[in-house]
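So this block is my_file_36.txt, compact mmCIF, N, CA and C atoms:
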# COMPACT_ATOMS: atom_id res chain seq x y z
N MET A 1 132.63 -21.91 232.10
CA MET A 1 132.62 -20.68 232.86
C MET A 1 131.77 -19.62 232.17
N GLU A 2 131.89 -19.52 230.86
CA GLU A 2 131.14 -18.53 230.11
C GLU A 2 129.64 -18.85 230.10
N GLU A 3 129.31 -20.14 230.16
CA GLU A 3 127.90 -20.55 230.20
C GLU A 3 127.22 -20.03 231.47
N GLN A 4 127.93 -20.04 232.57
CA GLN A 4 127.36 -19.57 233.83
C GLN A 4 127.04 -18.09 233.76
N PHE A 5 127.89 -17.32 233.09
CA PHE A 5 127.62 -15.89 232.95
C PHE A 5 126.39 -15.65 232.08
N ILE A 6 126.24 -16.45 231.04
CA ILE A 6 125.08 -16.31 230.16
C ILE A 6 123.80 -16.67 230.90
N ILE A 7 123.85 -17.75 231.67
CA ILE A 7 122.68 -18.16 232.45
C ILE A 7 122.32 -17.10 233.48
N GLU A 8 123.32 -16.58 234.16
CA GLU A 8 123.08 -15.53 235.17
C GLU A 8 122.53 -14.26 234.52
N ALA A 9 123.04 -13.91 233.35
CA ALA A 9 122.54 -12.72 232.64
C ALA A 9 121.09 -12.93 232.23
N ALA A 10 120.75 -14.12 231.75
CA ALA A 10 119.37 -14.41 231.36
C ALA A 10 118.45 -14.37 232.58
N ARG A 11 118.92 -14.87 233.71
CA ARG A 11 118.11 -14.85 234.93
C ARG A 11 117.87 -13.41 235.40
N LEU A 12 118.89 -12.59 235.36
CA LEU A 12 118.72 -11.19 235.77
C LEU A 12 117.83 -10.42 234.80
N LEU A 13 117.93 -10.73 233.52
CA LEU A 13 117.06 -10.10 232.53
C LEU A 13 115.60 -10.50 232.76
N ALA A 14 115.36 -11.77 233.06
CA ALA A 14 114.00 -12.23 233.34
C ALA A 14 113.46 -11.58 234.61
N LYS A 15 114.30 -11.42 235.62
CA LYS A 15 113.86 -10.74 236.84
C LYS A 15 113.51 -9.28 236.56
N GLY A 16 114.27 -8.66 235.67
CA GLY A 16 113.96 -7.29 235.28
C GLY A 16 112.61 -7.20 234.58
N PHE A 17 112.32 -8.15 233.70
CA PHE A 17 111.02 -8.17 233.03
C PHE A 17 109.89 -8.40 234.03
N CYS A 18 110.12 -9.25 235.03
CA CYS A 18 109.11 -9.47 236.07
C CYS A 18 108.85 -8.18 236.84
N THR A 19 109.91 -7.45 237.15
CA THR A 19 109.76 -6.20 237.87
C THR A 19 109.00 -5.18 237.05
N LEU A 20 109.31 -5.10 235.76
CA LEU A 20 108.56 -4.19 234.88
C LEU A 20 107.09 -4.59 234.80
N THR A 21 106.83 -5.87 234.73
CA THR A 21 105.44 -6.35 234.68
C THR A 21 104.68 -5.94 235.93
N MET A 22 105.32 -6.08 237.09
CA MET A 22 104.65 -5.67 238.33
C MET A 22 104.40 -4.17 238.34
N GLY A 23 105.35 -3.39 237.90
CA GLY A 23 105.19 -1.94 237.88
C GLY A 23 104.10 -1.49 236.92
N PHE A 24 104.11 -2.03 235.70
CA PHE A 24 103.09 -1.65 234.72
C PHE A 24 101.71 -2.15 235.12
N SER A 25 101.66 -3.27 235.83
CA SER A 25 100.38 -3.75 236.33
C SER A 25 99.80 -2.78 237.36
N ALA A 26 100.65 -2.24 238.21
CA ALA A 26 100.19 -1.26 239.20
C ALA A 26 99.71 0.02 238.52
N ILE A 27 100.44 0.45 237.50
CA ILE A 27 100.02 1.65 236.76
C ILE A 27 98.68 1.41 236.08
N GLY A 28 98.53 0.25 235.45
CA GLY A 28 97.28 -0.08 234.77
C GLY A 28 96.11 -0.19 235.73
N GLU A 29 96.37 -0.76 236.89
CA GLU A 29 95.30 -0.88 237.89
C GLU A 29 94.86 0.49 238.38
N GLY A 30 95.79 1.38 238.61
CA GLY A 30 95.44 2.73 239.03
C GLY A 30 94.66 3.47 237.95
N PHE A 31 95.07 3.30 236.70
CA PHE A 31 94.37 3.93 235.58
C PHE A 31 92.95 3.38 235.47
N LEU A 32 92.81 2.07 235.60
CA LEU A 32 91.50 1.42 235.52
C LEU A 32 90.55 1.94 236.60
N ILE A 33 91.00 1.97 237.82
CA ILE A 33 90.15 2.40 238.92
C ILE A 33 89.83 3.89 238.80
N GLY A 34 90.82 4.69 238.41
CA GLY A 34 90.58 6.12 238.26
C GLY A 34 89.54 6.42 237.19
N LYS A 35 89.64 5.74 236.05
CA LYS A 35 88.68 5.98 234.97
C LYS A 35 87.29 5.47 235.35
N ALA A 36 87.22 4.35 236.07
CA ALA A 36 85.92 3.85 236.50
C ALA A 36 85.26 4.82 237.48
N LEU A 37 86.03 5.35 238.41
CA LEU A 37 85.46 6.30 239.36
C LEU A 37 85.07 7.61 238.67
N GLU A 38 85.83 7.99 237.66
CA GLU A 38 85.48 9.18 236.89
C GLU A 38 84.16 8.96 236.14
N ALA A 39 83.99 7.77 235.58
CA ALA A 39 82.75 7.46 234.86
C ALA A 39 81.57 7.41 235.82
N ILE A 40 81.77 6.87 237.01
CA ILE A 40 80.70 6.84 238.01
C ILE A 40 80.36 8.26 238.44
N GLY A 41 81.35 9.11 238.56
CA GLY A 41 81.10 10.50 238.93
C GLY A 41 80.30 11.24 237.87
N ARG A 42 80.53 10.91 236.61
CA ARG A 42 79.80 11.57 235.53
C ARG A 42 78.39 11.02 235.37
N ASN A 43 78.23 9.72 235.62
CA ASN A 43 76.93 9.08 235.42
C ASN A 43 76.66 8.13 236.59
N PRO A 44 76.13 8.62 237.69
CA PRO A 44 75.97 7.79 238.89
C PRO A 44 74.99 6.62 238.72
N GLU A 45 74.15 6.65 237.70
CA GLU A 45 73.17 5.57 237.53
C GLU A 45 73.84 4.24 237.16
N VAL A 46 75.02 4.28 236.58
CA VAL A 46 75.68 3.04 236.14
C VAL A 46 76.63 2.49 237.19
N GLU A 47 76.52 2.99 238.41
CA GLU A 47 77.48 2.59 239.45
C GLU A 47 77.45 1.09 239.71
N GLY A 48 76.28 0.49 239.78
CA GLY A 48 76.18 -0.94 240.10
C GLY A 48 76.88 -1.83 239.09
N SER A 49 76.59 -1.62 237.81
CA SER A 49 77.20 -2.48 236.79
C SER A 49 78.67 -2.14 236.57
N LEU A 50 79.03 -0.88 236.65
CA LEU A 50 80.40 -0.48 236.39
C LEU A 50 81.33 -0.87 237.53
N PHE A 51 80.83 -0.78 238.76
CA PHE A 51 81.67 -1.10 239.90
C PHE A 51 82.06 -2.57 239.91
N SER A 52 81.12 -3.45 239.58
CA SER A 52 81.44 -4.88 239.57
C SER A 52 82.45 -5.20 238.47
N LYS A 53 82.31 -4.57 237.32
CA LYS A 53 83.28 -4.78 236.24
C LYS A 53 84.64 -4.22 236.60
N MET A 54 84.66 -3.11 237.33
CA MET A 54 85.93 -2.53 237.77
C MET A 54 86.63 -3.47 238.74
N ILE A 55 85.90 -4.07 239.65
CA ILE A 55 86.49 -4.99 240.62
C ILE A 55 87.08 -6.21 239.90
N ILE A 56 86.38 -6.74 238.91
CA ILE A 56 86.88 -7.89 238.15
C ILE A 56 88.16 -7.50 237.41
N GLY A 57 88.16 -6.33 236.77
CA GLY A 57 89.36 -5.87 236.07
C GLY A 57 90.53 -5.64 237.00
N ALA A 58 90.26 -5.07 238.17
CA ALA A 58 91.33 -4.84 239.14
C ALA A 58 91.89 -6.16 239.66
N ALA A 59 91.01 -7.14 239.85
CA ALA A 59 91.48 -8.46 240.31
C ALA A 59 92.35 -9.12 239.25
N MET A 60 91.98 -8.97 237.98
CA MET A 60 92.80 -9.55 236.91
C MET A 60 94.16 -8.86 236.82
N ALA A 61 94.17 -7.54 236.97
CA ALA A 61 95.45 -6.81 236.94
C ALA A 61 96.31 -7.20 238.15
N GLU A 62 95.69 -7.37 239.28
CA GLU A 62 96.42 -7.76 240.49
C GLU A 62 96.97 -9.17 240.36
N SER A 63 96.19 -10.07 239.74
CA SER A 63 96.69 -11.44 239.57
C SER A 63 97.90 -11.47 238.64
N THR A 64 97.93 -10.60 237.64
CA THR A 64 99.11 -10.52 236.78
C THR A 64 100.34 -10.11 237.58
N ALA A 65 100.17 -9.16 238.47
CA ALA A 65 101.28 -8.73 239.31
C ALA A 65 101.72 -9.84 240.26
N ILE A 66 100.77 -10.60 240.77
CA ILE A 66 101.12 -11.70 241.68
C ILE A 66 101.86 -12.80 240.93
N TYR A 67 101.42 -13.11 239.70
CA TYR A 67 102.13 -14.10 238.90
C TYR A 67 103.56 -13.64 238.61
N ALA A 68 103.74 -12.38 238.32
CA ALA A 68 105.08 -11.85 238.08
C ALA A 68 105.93 -11.91 239.33
N LEU A 69 105.32 -11.67 240.49
CA LEU A 69 106.06 -11.75 241.74
C LEU A 69 106.50 -13.19 242.02
N VAL A 70 105.62 -14.14 241.78
CA VAL A 70 105.96 -15.55 241.97
C VAL A 70 107.09 -15.95 241.02
N ALA A 71 106.99 -15.53 239.76
CA ALA A 71 108.03 -15.86 238.80
C ALA A 71 109.35 -15.22 239.22
N PHE A 72 109.30 -14.02 239.75
CA PHE A 72 110.52 -13.35 240.22
C PHE A 72 111.21 -14.18 241.28
N PHE A 73 110.44 -14.69 242.25
CA PHE A 73 111.07 -15.46 243.33
C PHE A 73 111.49 -16.85 242.88
N ILE A 74 110.79 -17.41 241.89
CA ILE A 74 111.21 -18.73 241.38
C ILE A 74 112.55 -18.60 240.65
N LEU A 75 112.71 -17.50 239.92
CA LEU A 75 113.97 -17.30 239.18
C LEU A 75 115.10 -17.03 240.15
Encoded form using structure tokens:
Amino acid sequence: MEEQFIIEAARLLAKGFCTLTMGFSAIGEGFLIGKALEAIGRNPEVEGSLFSKMIIGAAMAESTAIYALVAFFIL
């Protein structure tokens, strides 16, 4: 009986970590895009190279959130 409580507590703790990961990923993605747009506003000549790097970074941050969401539902 006590083992079931430990397993359930571990599962809920893991779900909490997944939720934190999704939240921090969203914060990081917003920070990344905001800073990239700020840099483009300061120096418009670098828009082409900076925009593509921003999109790649945003996709990586989004994939981290998607992996955390999948792990949340698997748990």
*Would you mind reading off the distance between CA of Glu38 (chain A) and CA of Met60 (chain A), one decimal, in Å?*
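Computing the Euclidean distance for CA of Glu38 (chain A) and CA of Met60 (chain A) yields 20.1 Å.
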*Give me, please, the distance in Å between CA of Thr64 (chain A) and CA of Leu37 (chain A), quoted to one decimal.*
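If I compute the distance from CA of Thr64 (chain A) to CA of Leu37 (chain A), I get 21.8 Å.
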_Minimum-distance residue to Leu32 (chain A), chosen among A:Gln4, A:Ile74, A:Leu69, A:Met54 (using only N, CA and C atoms)_ =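 With only N, CA and C atoms as the atom set, the closest residue is A:Met54.
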*asked:* Need the shell around region 23-28 of chain A: protein/DNA/RNA residues with any atom at most 8 Å away, counting all atoms listed in the file. Skip same-chain ones fewer than 4 positions apart. Format as a PyMOL selection string?
replied: chain A and resi 17-19+32-34+57-58+61-62+64-65
For N, CA and C atoms, I'd like the residues from the last selection saved as an mmCIF file, in the coordinates of the input.
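To be explicit, this is the file written out as again_6.cif:
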data_model
loop_
_atom_site.group_PDB
_atom_site.id
_atom_site.type_symbol
_atom_site.label_atom_id
_atom_site.label_comp_id
_atom_site.auth_asym_id
_atom_site.auth_seq_id
_atom_site.Cartn_x
_atom_site.Cartn_y
_atom_site.Cartn_z
ATOM 1 N N PHE A 17 112.320 -8.150 233.700
ATOM 2 C CA PHE A 17 111.020 -8.170 233.030
ATOM 3 C C PHE A 17 109.890 -8.400 234.030
ATOM 4 N N CYS A 18 110.120 -9.250 235.030
ATOM 5 C CA CYS A 18 109.110 -9.470 236.070
ATOM 6 C C CYS A 18 108.850 -8.180 236.840
ATOM 7 N N THR A 19 109.910 -7.450 237.150
ATOM 8 C CA THR A 19 109.760 -6.200 237.870
ATOM 9 C C THR A 19 109.000 -5.180 237.050
ATOM 10 N N LEU A 32 92.810 2.070 235.600
ATOM 11 C CA LEU A 32 91.500 1.420 235.520
ATOM 12 C C LEU A 32 90.550 1.940 236.600
ATOM 13 N N ILE A 33 91.000 1.970 237.820
ATOM 14 C CA ILE A 33 90.150 2.400 238.920
ATOM 15 C C ILE A 33 89.830 3.890 238.800
ATOM 16 N N GLY A 34 90.820 4.690 238.410
ATOM 17 C CA GLY A 34 90.580 6.120 238.260
ATOM 18 C C GLY A 34 89.540 6.420 237.190
ATOM 19 N N GLY A 57 88.160 -6.330 236.770
ATOM 20 C CA GLY A 57 89.360 -5.870 236.070
ATOM 21 C C GLY A 57 90.530 -5.640 237.000
ATOM 22 N N ALA A 58 90.260 -5.070 238.170
ATOM 23 C CA ALA A 58 91.330 -4.840 239.140
ATOM 24 C C ALA A 58 91.890 -6.160 239.660
ATOM 25 N N ALA A 61 94.170 -7.540 236.970
ATOM 26 C CA ALA A 61 95.450 -6.810 236.940
ATOM 27 C C ALA A 61 96.310 -7.200 238.150
ATOM 28 N N GLU A 62 95.690 -7.370 239.280
ATOM 29 C CA GLU A 62 96.420 -7.760 240.490
ATOM 30 C C GLU A 62 96.970 -9.170 240.360
ATOM 31 N N THR A 64 97.930 -10.600 237.640
ATOM 32 C CA THR A 64 99.110 -10.520 236.780
ATOM 33 C C THR A 64 100.340 -10.110 237.580
ATOM 34 N N ALA A 65 100.170 -9.160 238.470
ATOM 35 C CA ALA A 65 101.280 -8.730 239.310
ATOM 36 C C ALA A 65 101.720 -9.840 240.260
#
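Residues lying within 6.5 Å of Arg11 (chain A), counting all atoms listed in the file and ignoring same-chain neighbours fewer than 5 positions away, are Ile6, Gly16 and Leu75 of chain A.
The space separating atom N of Glu8 (chain A) from atom C of Val70 (chain A) comes to 17.6 Å.
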